[in-house]
Structure formats: C-alpha cells, structure tokens
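Student: First the structure, which I've put down as structure tokens, then a few questions once you've had a look.
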Amino acid sequence: MQSYFSGSVIVRLIAVVLLLLALDKHPYGYYKLLRWVVCGANVFAGFISMEQEKKTWVWVFGIIAVLFNPIIPFRLDRDTWHVIDLIVAVILGISTFIIRGKNGVYNRKIGE
C-alpha cells in the first residue's frame, strides 16, 4: 500500500520549499545546497517513476536532475533561475500527487 508521505514525497516537498525560498537572495552556499537537494530528489523520484513504469515522469525528473546537477552546473542569470525555480517547484509539487513510493525506507529485495 502506498502512503502519501513516502520518502520520495518528503524529499520532493523539501526541494519545493528550498526552491521557493531561493526566490529571495541568499549566499552562494545556499544555491549549492539547493542543487544537491533538487538533483538528488529528482534522481530518487525518477527511480520510483521507473519502477512504476511512468516513463514521461522519468524523463521530467531526469531533465530536472541534469539542470540542477551540482557537478557541472549551468550558469544562468538570476532572473532566469527564478523562473526555472518556480516552474520546477510547481512540477515537483504536482508530482507528489502522482508519483509516490512505498512508505518508510525503500525496501525492495535484490533480484525482484
């Protein structure tokens, strides 16, 4: 049985809050943390989507993860990032109603 507050949903909700807070001015370290959290949340959600065979969402999460990857960051101006942050926050917020993982720790057995 799926629960609304699975690990994947909680991580995405945290990312949504951080993305909305990013619309204000913060030190550069905040945006570095934001990249790690948003990228990680989308990789995790992409994995859950793949298991649920929701291919469109796998692509959406994959594109967002690449855009926010902390290793080779995209350099865009602040206004562009504000628009992207808002769009991604909305996408992640909507996705929490569509893509939900198992409640608690993800416990798939190896070989299944």
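To be explicit about the labels: the chains of the structure tokens are called A, B, and onward in the order shown, and within each one the residues are counted from 1, while ligands get numbers from 1 in the order they are shown.
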Within 9 Å of region 56-71 of chain A, counting only C-alpha atoms, which residues show up once you throw out same-chain ones fewer than 2 positions away? Write them as a list in words, please.

Tutor: Lys32, Leu33, Leu34, Arg35, Trp36, Val37, Val38, Cys39, Gly40, Ala41, Asn42, Val43, Phe44, Ala45, Gly46, Phe47, Ile48, Ser49, Met50, Glu53, Lys54, Pro73, Phe74, Val88, Ile91, Leu92, Ser95 and Ile99 of chain A

Student: DSSP on the backbone, then: every residue of chain A marked helix (DSSP H, G or I), written as a PyMOL selection string.

Tutor: chain A and resi 7-21+28-51+55-67+78-98

Student: Calculated over only C-alpha atoms, which of the candidates A:Asp85, A:Tyr28, A:Arg78, A:Val9 has the smallest distance to Ile98 (chain A)?

Tutor: A:Val9

Student: Identify, on the basis of only C-alpha atoms, every residue whose closest approach to Leu21 (chain A) does not exceed 12 Å; exclude the query and any residue fewer than 4 positions from it along the same chain; express the result as a list in words.

Tutor: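 Listed by chain and then number, they are Ile14, Ala15, Val16, Val17, Lys25, His26, Tyr30, Tyr31, Leu34, His82, Asp85, Leu86 and Ala89 of chain A.
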